Amino acid sequence: MSGPAADCLFCKMACGEIPIDPLVENTHVFAIRDINPRAPVHVLIIPRRHIPDANALRPADAPLLGEVFTAAATVAGMEGVAADGYRLAFNVGEAAGMTIPHLHLHLVGGRRLAAEG
């Protein structure tokens with residue numbers, strides 16, 4: 001799906017229907033703090049275009065993914081975790097903890113992180 005999903009929380013944020021306080025934003029992505037942080041720094045980098053999850057990505061989405069990772073690097077620098085390290089993760093499906101079916105990248109840091117999996 002390439003257009004906004006009517007019931008998608010992140011699509012509503014992307015189009016301004018729900019106000020946000022972005023850390024970073026451009027025409028392709030925005031970054032917001034997670035409302036249920038798992039670490040001192042927990043930011044979501046969200047494409048404005050609705051993509052349900054990583055399984056829905058196609059080769060044509062490569063430039064958008066570049067924007068997502070560039071925004072993540074910018075946020076890591078802004079949040080002071082770039083030098084010490086941070087984790088980037090996409091959750092795919094409910095079993096992985098995905099609660100909003102709109103592709104988004106978690107940036108987590110600010111403390112020593114345990115191994116995942």
# chains A, B, ... in the order shown; residues from 1 in each chain; ligands from 1
>>> residues_around(residues="region 12-27 of chain A", least_positions_apart="3", cutoff="12 Å", atoms="only C-alpha atoms", output="compact mmCIF listing (two decimals) with N, CA, C and O atoms, in the first residue's frame")
# COMPACT_ATOMS: atom_id res chain seq x y z
N GLY A 3 -0.60 4.62 -0.24
CA GLY A 3 -1.32 5.77 0.30
C GLY A 3 -1.53 5.61 1.79
O GLY A 3 -1.24 4.57 2.36
N PRO A 4 -2.07 6.65 2.43
CA PRO A 4 -2.30 6.57 3.87
C PRO A 4 -3.40 5.55 4.18
O PRO A 4 -4.35 5.39 3.42
N ALA A 5 -3.26 4.89 5.30
CA ALA A 5 -4.28 3.98 5.78
C ALA A 5 -5.17 4.77 6.74
O ALA A 5 -4.67 5.42 7.67
N ALA A 6 -6.46 4.75 6.52
CA ALA A 6 -7.40 5.59 7.27
C ALA A 6 -7.33 5.39 8.78
O ALA A 6 -7.49 6.34 9.54
N ASP A 7 -7.05 4.17 9.23
CA ASP A 7 -7.04 3.89 10.66
C ASP A 7 -5.63 3.79 11.24
O ASP A 7 -5.45 3.35 12.38
N CYS A 8 -4.62 4.21 10.51
CA CYS A 8 -3.23 4.07 10.94
C CYS A 8 -2.79 5.29 11.75
O CYS A 8 -2.82 6.42 11.25
N LEU A 9 -2.36 5.05 12.98
CA LEU A 9 -1.91 6.13 13.85
C LEU A 9 -0.76 6.92 13.23
O LEU A 9 -0.76 8.15 13.24
N PHE A 30 9.75 11.10 9.54
CA PHE A 30 9.79 11.92 10.76
C PHE A 30 10.22 11.01 11.91
O PHE A 30 10.09 9.78 11.83
N ALA A 31 10.75 11.61 12.96
CA ALA A 31 11.21 10.86 14.12
C ALA A 31 10.58 11.45 15.37
O ALA A 31 10.59 12.66 15.56
N ILE A 32 10.04 10.56 16.20
CA ILE A 32 9.40 10.96 17.45
C ILE A 32 9.88 10.05 18.58
O ILE A 32 10.32 8.94 18.35
N ARG A 33 9.76 10.55 19.80
CA ARG A 33 10.09 9.72 20.96
C ARG A 33 9.00 8.66 21.15
O ARG A 33 7.82 8.92 20.97
N ASP A 34 9.42 7.46 21.52
CA ASP A 34 8.48 6.39 21.81
C ASP A 34 7.72 6.73 23.09
O ASP A 34 8.33 7.21 24.05
N ILE A 35 6.41 6.52 23.11
CA ILE A 35 5.63 6.85 24.31
C ILE A 35 5.81 5.81 25.42
O ILE A 35 5.43 6.06 26.56
N HIS A 42 14.80 6.33 23.19
CA HIS A 42 13.99 5.40 22.40
C HIS A 42 13.16 6.24 21.43
O HIS A 42 12.20 6.90 21.82
N VAL A 43 13.60 6.25 20.20
CA VAL A 43 13.00 7.10 19.16
C VAL A 43 12.52 6.21 18.02
O VAL A 43 13.17 5.21 17.69
N LEU A 44 11.40 6.58 17.43
CA LEU A 44 10.87 5.89 16.27
C LEU A 44 11.12 6.75 15.03
O LEU A 44 10.80 7.93 15.03
N ILE A 45 11.68 6.15 14.01
CA ILE A 45 11.87 6.83 12.72
C ILE A 45 10.83 6.22 11.79
O ILE A 45 10.82 5.00 11.57
N ILE A 46 9.94 7.07 11.27
CA ILE A 46 8.73 6.60 10.60
C ILE A 46 8.64 7.19 9.20
O ILE A 46 8.65 8.40 9.03
N PRO A 47 8.52 6.35 8.18
CA PRO A 47 8.25 6.86 6.83
C PRO A 47 6.86 7.50 6.79
O PRO A 47 5.93 7.01 7.43
N ARG A 48 6.73 8.58 6.07
CA ARG A 48 5.41 9.21 5.92
C ARG A 48 4.48 8.35 5.07
O ARG A 48 3.28 8.33 5.29
N ARG A 49 5.04 7.65 4.12
CA ARG A 49 4.24 6.78 3.25
C ARG A 49 3.93 5.49 4.00
O ARG A 49 4.79 4.91 4.64
N HIS A 50 2.69 5.06 3.90
CA HIS A 50 2.29 3.83 4.60
C HIS A 50 2.89 2.60 3.92
O HIS A 50 2.66 2.35 2.74
N LEU A 64 13.89 5.36 0.13
CA LEU A 64 13.18 5.68 1.37
C LEU A 64 13.91 5.08 2.57
O LEU A 64 14.06 5.74 3.60
N GLU A 67 16.66 7.25 3.54
CA GLU A 67 16.17 8.39 4.34
C GLU A 67 15.95 7.98 5.79
O GLU A 67 16.27 8.73 6.72
N VAL A 68 15.40 6.79 6.01
CA VAL A 68 15.15 6.30 7.37
C VAL A 68 16.46 6.17 8.13
O VAL A 68 16.60 6.65 9.26
N THR A 70 19.40 7.55 7.42
CA THR A 70 20.04 8.86 7.56
C THR A 70 19.42 9.62 8.73
O THR A 70 20.13 10.24 9.54
N ALA A 71 18.09 9.58 8.84
CA ALA A 71 17.42 10.23 9.97
C ALA A 71 17.84 9.59 11.28
O ALA A 71 18.06 10.29 12.28
N ALA A 72 18.00 8.27 11.29
CA ALA A 72 18.44 7.58 12.51
C ALA A 72 19.82 8.06 12.94
O ALA A 72 20.07 8.32 14.12
N ALA A 73 20.73 8.18 12.00
CA ALA A 73 22.08 8.66 12.33
C ALA A 73 22.03 10.09 12.86
O ALA A 73 22.75 10.43 13.81
N THR A 74 21.18 10.92 12.29
CA THR A 74 21.03 12.29 12.77
C THR A 74 20.50 12.30 14.19
O THR A 74 21.02 13.02 15.06
N VAL A 75 19.48 11.51 14.46
CA VAL A 75 18.89 11.44 15.81
C VAL A 75 19.93 10.92 16.80
O VAL A 75 20.05 11.44 17.92
N ALA A 76 20.69 9.89 16.43
CA ALA A 76 21.71 9.35 17.34
C ALA A 76 22.70 10.43 17.74
O ALA A 76 23.09 10.52 18.90
N GLY A 77 23.10 11.26 16.79
CA GLY A 77 24.00 12.37 17.10
C GLY A 77 23.34 13.39 18.02
O GLY A 77 23.94 13.85 19.00
N MET A 78 22.10 13.75 17.72
CA MET A 78 21.37 14.72 18.53
C MET A 78 21.17 14.23 19.96
O MET A 78 21.21 15.02 20.90
N GLU A 79 20.94 12.94 20.11
CA GLU A 79 20.64 12.36 21.42
C GLU A 79 21.89 11.95 22.18
O GLU A 79 21.81 11.46 23.31
N HIS A 102 2.68 -0.18 10.63
CA HIS A 102 3.23 0.83 9.73
C HIS A 102 4.74 0.76 9.96
O HIS A 102 5.19 0.92 11.11
>>> select_by_dssp(residues="region 15-64 of chain A", states="strand (DSSP E)", output="list in words")
Val24, Glu25, Val29, Phe30, Ala31, Ile32, Arg33, Val41, His42, Val43, Leu44, Ile45, Ile46 and Pro47 of chain A
>>> write_last_selection(atoms="all heavy atoms", output="tab-separated table (two decimals), in the first residue's frame")
chain	number	residue	atom	x	y	z
A	24	VAL	N	13.23	15.07	14.20
A	24	VAL	CA	13.73	15.25	12.84
A	24	VAL	C	12.55	15.02	11.92
A	24	VAL	O	11.70	14.18	12.20
A	24	VAL	CB	14.84	14.22	12.52
A	24	VAL	CG1	15.20	14.22	11.05
A	24	VAL	CG2	16.08	14.44	13.37
A	25	GLU	N	12.47	15.79	10.85
A	25	GLU	CA	11.44	15.51	9.85
A	25	GLU	C	11.85	16.09	8.51
A	25	GLU	O	12.59	17.07	8.44
A	25	GLU	CB	10.07	16.04	10.28
A	25	GLU	CG	9.94	17.54	10.32
A	25	GLU	CD	8.52	17.99	10.69
A	25	GLU	OE1	7.55	17.31	10.33
A	25	GLU	OE2	8.41	19.02	11.34
A	29	VAL	N	10.26	11.27	5.95
A	29	VAL	CA	10.26	10.60	7.25
A	29	VAL	C	10.11	11.62	8.37
A	29	VAL	O	10.36	12.81	8.19
A	29	VAL	CB	11.55	9.78	7.49
A	29	VAL	CG1	11.74	8.73	6.42
A	29	VAL	CG2	12.77	10.66	7.59
A	30	PHE	N	9.75	11.10	9.54
A	30	PHE	CA	9.79	11.92	10.76
A	30	PHE	C	10.22	11.01	11.91
A	30	PHE	O	10.09	9.78	11.83
A	30	PHE	CB	8.45	12.61	11.04
A	30	PHE	CG	7.27	11.71	11.25
A	30	PHE	CD1	6.85	11.37	12.53
A	30	PHE	CD2	6.56	11.20	10.17
A	30	PHE	CE1	5.75	10.54	12.73
A	30	PHE	CE2	5.46	10.38	10.35
A	30	PHE	CZ	5.05	10.05	11.64
A	31	ALA	N	10.75	11.61	12.96
A	31	ALA	CA	11.21	10.86	14.12
A	31	ALA	C	10.58	11.45	15.37
A	31	ALA	O	10.59	12.66	15.56
A	31	ALA	CB	12.74	10.93	14.21
A	32	ILE	N	10.04	10.56	16.20
A	32	ILE	CA	9.40	10.96	17.45
A	32	ILE	C	9.88	10.05	18.58
A	32	ILE	O	10.32	8.94	18.35
A	32	ILE	CB	7.85	10.90	17.36
A	32	ILE	CG1	7.38	9.49	16.99
A	32	ILE	CG2	7.34	11.94	16.38
A	32	ILE	CD1	5.88	9.28	17.03
A	33	ARG	N	9.76	10.55	19.80
A	33	ARG	CA	10.09	9.72	20.96
A	33	ARG	C	9.00	8.66	21.15
A	33	ARG	O	7.82	8.92	20.97
A	33	ARG	CB	10.20	10.58	22.21
A	33	ARG	CG	11.34	11.55	22.14
A	33	ARG	CD	11.61	12.23	23.47
A	33	ARG	NE	12.55	13.33	23.27
A	33	ARG	CZ	13.85	13.19	23.08
A	33	ARG	NH1	14.38	11.98	23.07
A	33	ARG	NH2	14.63	14.24	22.90
A	41	VAL	N	17.04	6.58	25.70
A	41	VAL	CA	16.78	7.08	24.35
A	41	VAL	C	16.01	6.00	23.61
A	41	VAL	O	16.49	4.88	23.47
A	41	VAL	CB	18.10	7.41	23.60
A	41	VAL	CG1	17.80	7.83	22.16
A	41	VAL	CG2	18.88	8.50	24.33
A	42	HIS	N	14.80	6.33	23.19
A	42	HIS	CA	13.99	5.40	22.40
A	42	HIS	C	13.16	6.24	21.43
A	42	HIS	O	12.20	6.90	21.82
A	42	HIS	CB	13.09	4.55	23.28
A	42	HIS	CG	12.41	3.43	22.54
A	42	HIS	ND1	11.79	2.40	23.19
A	42	HIS	CD2	12.25	3.18	21.21
A	42	HIS	CE1	11.28	1.56	22.30
A	42	HIS	NE2	11.55	2.04	21.08
A	43	VAL	N	13.60	6.25	20.20
A	43	VAL	CA	13.00	7.10	19.16
A	43	VAL	C	12.52	6.21	18.02
A	43	VAL	O	13.17	5.21	17.69
A	43	VAL	CB	14.03	8.13	18.65
A	43	VAL	CG1	13.48	8.96	17.50
A	43	VAL	CG2	14.49	9.04	19.79
A	44	LEU	N	11.40	6.58	17.43
A	44	LEU	CA	10.87	5.89	16.27
A	44	LEU	C	11.12	6.75	15.03
A	44	LEU	O	10.80	7.93	15.03
A	44	LEU	CB	9.36	5.66	16.41
A	44	LEU	CG	8.91	4.97	17.69
A	44	LEU	CD1	7.39	4.87	17.71
A	44	LEU	CD2	9.55	3.61	17.83
A	45	ILE	N	11.68	6.15	14.01
A	45	ILE	CA	11.87	6.83	12.72
A	45	ILE	C	10.83	6.22	11.79
A	45	ILE	O	10.82	5.00	11.57
A	45	ILE	CB	13.30	6.68	12.18
A	45	ILE	CG1	14.31	7.34	13.14
A	45	ILE	CG2	13.41	7.34	10.81
A	45	ILE	CD1	14.84	6.45	14.19
A	46	ILE	N	9.94	7.07	11.27
A	46	ILE	CA	8.73	6.60	10.60
A	46	ILE	C	8.64	7.19	9.20
A	46	ILE	O	8.65	8.40	9.03
A	46	ILE	CB	7.49	7.03	11.42
A	46	ILE	CG1	7.62	6.55	12.86
A	46	ILE	CG2	6.21	6.53	10.75
A	46	ILE	CD1	6.66	7.23	13.82
A	47	PRO	N	8.52	6.35	8.18
A	47	PRO	CA	8.25	6.86	6.83
A	47	PRO	C	6.86	7.50	6.79
A	47	PRO	O	5.93	7.01	7.43
A	47	PRO	CB	8.29	5.63	5.94
A	47	PRO	CG	8.95	4.56	6.73
A	47	PRO	CD	8.68	4.89	8.17
>>> select_by_dssp(residues="region 6-113 of chain A", states="helix (DSSP H, G or I)", output="JSON, numbers by chain")
{"A": [9, 10, 11, 12, 13, 14, 54, 55, 56, 59, 60, 61, 62, 63, 64, 65, 66, 67, 68, 69, 70, 71, 72, 73, 74, 75, 76, 77, 78, 94, 95, 96]}
>>> residues_around(residues="region 83-98 of chain A", least_positions_apart="3", cutoff="7 Å", atoms="only C-alpha atoms", output="list in words")
Asp53, Ala54, Pro101, His104, Leu105, His106, Leu107, Val108 and Gly109 of chain A
>>> write_last_selection(atoms="all heavy atoms", output="CSV table (one decimal), in the first residue's frame")
chain,number,residue,atom,x,y,z
A,53,ASP,N,4.9,-3.2,6.8
A,53,ASP,CA,6.0,-3.7,7.6
A,53,ASP,C,7.2,-4.0,6.6
A,53,ASP,O,7.0,-3.8,5.4
A,53,ASP,CB,5.6,-4.9,8.4
A,53,ASP,CG,5.2,-6.1,7.6
A,53,ASP,OD1,5.5,-6.3,6.4
A,53,ASP,OD2,4.4,-7.0,8.2
A,54,ALA,N,8.2,-4.6,7.1
A,54,ALA,CA,9.4,-4.8,6.3
A,54,ALA,C,9.1,-5.9,5.2
A,54,ALA,O,9.8,-5.9,4.2
A,54,ALA,CB,10.6,-5.3,7.1
A,101,PRO,N,0.9,-1.4,12.7
A,101,PRO,CA,1.3,-2.0,11.4
A,101,PRO,C,1.6,-0.9,10.4
A,101,PRO,O,0.9,-0.7,9.4
A,101,PRO,CB,0.1,-2.8,11.0
A,101,PRO,CG,-1.1,-2.1,11.7
A,101,PRO,CD,-0.6,-1.6,13.0
A,104,HIS,N,8.4,1.1,10.9
A,104,HIS,CA,9.1,2.1,11.7
A,104,HIS,C,10.3,1.5,12.3
A,104,HIS,O,10.3,0.3,12.6
A,104,HIS,CB,8.2,2.8,12.8
A,104,HIS,CG,7.6,1.8,13.7
A,104,HIS,ND1,6.5,1.0,13.3
A,104,HIS,CD2,7.8,1.5,15.0
A,104,HIS,CE1,6.1,0.2,14.4
A,104,HIS,NE2,6.9,0.5,15.4
A,105,LEU,N,11.3,2.3,12.4
A,105,LEU,CA,12.6,1.9,12.9
A,105,LEU,C,12.8,2.4,14.3
A,105,LEU,O,12.6,3.6,14.6
A,105,LEU,CB,13.8,2.4,12.0
A,105,LEU,CG,15.2,2.1,12.4
A,105,LEU,CD1,15.4,0.6,12.3
A,105,LEU,CD2,16.2,2.8,11.6
A,106,HIS,N,13.1,1.5,15.3
A,106,HIS,CA,13.4,1.8,16.6
A,106,HIS,C,14.8,2.2,16.8
A,106,HIS,O,15.7,1.4,16.4
A,106,HIS,CB,13.0,0.7,17.6
A,106,HIS,CG,11.6,0.4,17.7
A,106,HIS,ND1,10.8,0.8,18.7
A,106,HIS,CD2,10.8,-0.3,16.9
A,106,HIS,CE1,9.6,0.3,18.6
A,106,HIS,NE2,9.5,-0.4,17.4
A,107,LEU,N,15.1,3.3,17.4
A,107,LEU,CA,16.5,3.6,17.8
A,107,LEU,C,16.5,3.6,19.3
A,107,LEU,O,15.8,4.4,19.9
A,107,LEU,CB,16.9,5.0,17.2
A,107,LEU,CG,18.3,5.5,17.5
A,107,LEU,CD1,18.7,6.5,16.5
A,107,LEU,CD2,18.5,6.1,18.9
A,108,VAL,N,17.3,2.8,19.9
A,108,VAL,CA,17.4,2.6,21.3
A,108,VAL,C,18.8,2.7,21.8
A,108,VAL,O,19.7,2.1,21.3
A,108,VAL,CB,16.8,1.2,21.7
A,108,VAL,CG1,16.8,1.0,23.2
A,108,VAL,CG2,15.4,1.0,21.1
A,109,GLY,N,19.0,3.5,22.9
A,109,GLY,CA,20.3,3.6,23.5
A,109,GLY,C,20.3,4.4,24.7
A,109,GLY,O,19.2,4.6,25.4
>>> atom_distance(atom1="CA of Val81 (chain A)", atom2="CA of Leu57 (chain A)")
28.0 Å
>>> atom_distance(atom1="CA of Pro63 (chain A)", atom2="CA of Ile51 (chain A)")
13.8 Å
>>> decode(residues="region 70-93 of chain A", atoms="N, CA and C atoms", output="tab-separated table (two decimals), in the first residue's frame")
chain	number	residue	atom	x	y	z
A	70	THR	N	19.40	7.55	7.42
A	70	THR	CA	20.04	8.86	7.56
A	70	THR	C	19.42	9.62	8.73
A	71	ALA	N	18.09	9.58	8.84
A	71	ALA	CA	17.42	10.23	9.97
A	71	ALA	C	17.84	9.59	11.28
A	72	ALA	N	18.00	8.27	11.29
A	72	ALA	CA	18.44	7.58	12.51
A	72	ALA	C	19.82	8.06	12.94
A	73	ALA	N	20.73	8.18	12.00
A	73	ALA	CA	22.08	8.66	12.33
A	73	ALA	C	22.03	10.09	12.86
A	74	THR	N	21.18	10.92	12.29
A	74	THR	CA	21.03	12.29	12.77
A	74	THR	C	20.50	12.30	14.19
A	75	VAL	N	19.48	11.51	14.46
A	75	VAL	CA	18.89	11.44	15.81
A	75	VAL	C	19.93	10.92	16.80
A	76	ALA	N	20.69	9.89	16.43
A	76	ALA	CA	21.71	9.35	17.34
A	76	ALA	C	22.70	10.43	17.74
A	77	GLY	N	23.10	11.26	16.79
A	77	GLY	CA	24.00	12.37	17.10
A	77	GLY	C	23.34	13.39	18.02
A	78	MET	N	22.10	13.75	17.72
A	78	MET	CA	21.37	14.72	18.53
A	78	MET	C	21.17	14.23	19.96
A	79	GLU	N	20.94	12.94	20.11
A	79	GLU	CA	20.64	12.36	21.42
A	79	GLU	C	21.89	11.95	22.18
A	80	GLY	N	23.06	12.11	21.57
A	80	GLY	CA	24.32	11.83	22.26
A	80	GLY	C	24.67	10.36	22.40
A	81	VAL	N	24.11	9.51	21.53
A	81	VAL	CA	24.41	8.08	21.63
A	81	VAL	C	25.26	7.57	20.47
A	82	ALA	N	25.58	8.43	19.53
A	82	ALA	CA	26.32	7.99	18.33
A	82	ALA	C	27.69	7.41	18.68
A	83	ALA	N	28.39	8.03	19.60
A	83	ALA	CA	29.75	7.58	19.92
A	83	ALA	C	29.77	6.28	20.71
A	84	ASP	N	28.88	6.14	21.69
A	84	ASP	CA	28.89	4.96	22.55
A	84	ASP	C	28.16	3.76	21.95
A	85	GLY	N	27.22	4.02	21.09
A	85	GLY	CA	26.48	2.94	20.44
A	85	GLY	C	25.00	2.96	20.75
A	86	TYR	N	24.25	2.37	19.84
A	86	TYR	CA	22.81	2.31	19.95
A	86	TYR	C	22.32	1.15	19.09
A	87	ARG	N	21.07	0.77	19.29
A	87	ARG	CA	20.48	-0.32	18.52
A	87	ARG	C	19.43	0.24	17.57
A	88	LEU	N	19.38	-0.35	16.37
A	88	LEU	CA	18.34	-0.06	15.39
A	88	LEU	C	17.59	-1.36	15.14
A	89	ALA	N	16.25	-1.30	15.18
A	89	ALA	CA	15.47	-2.52	14.98
A	89	ALA	C	14.14	-2.23	14.32
A	90	PHE	N	13.79	-3.11	13.37
A	90	PHE	CA	12.45	-3.14	12.79
A	90	PHE	C	11.74	-4.35	13.40
A	91	ASN	N	10.58	-4.16	13.97
A	91	ASN	CA	9.75	-5.29	14.40
A	91	ASN	C	8.84	-5.64	13.22
A	92	VAL	N	8.64	-6.93	12.99
A	92	VAL	CA	7.79	-7.39	11.90
A	92	VAL	C	6.79	-8.39	12.47
A	93	GLY	N	5.54	-8.00	12.56
A	93	GLY	CA	4.49	-8.87	13.06
A	93	GLY	C	4.31	-8.81	14.56
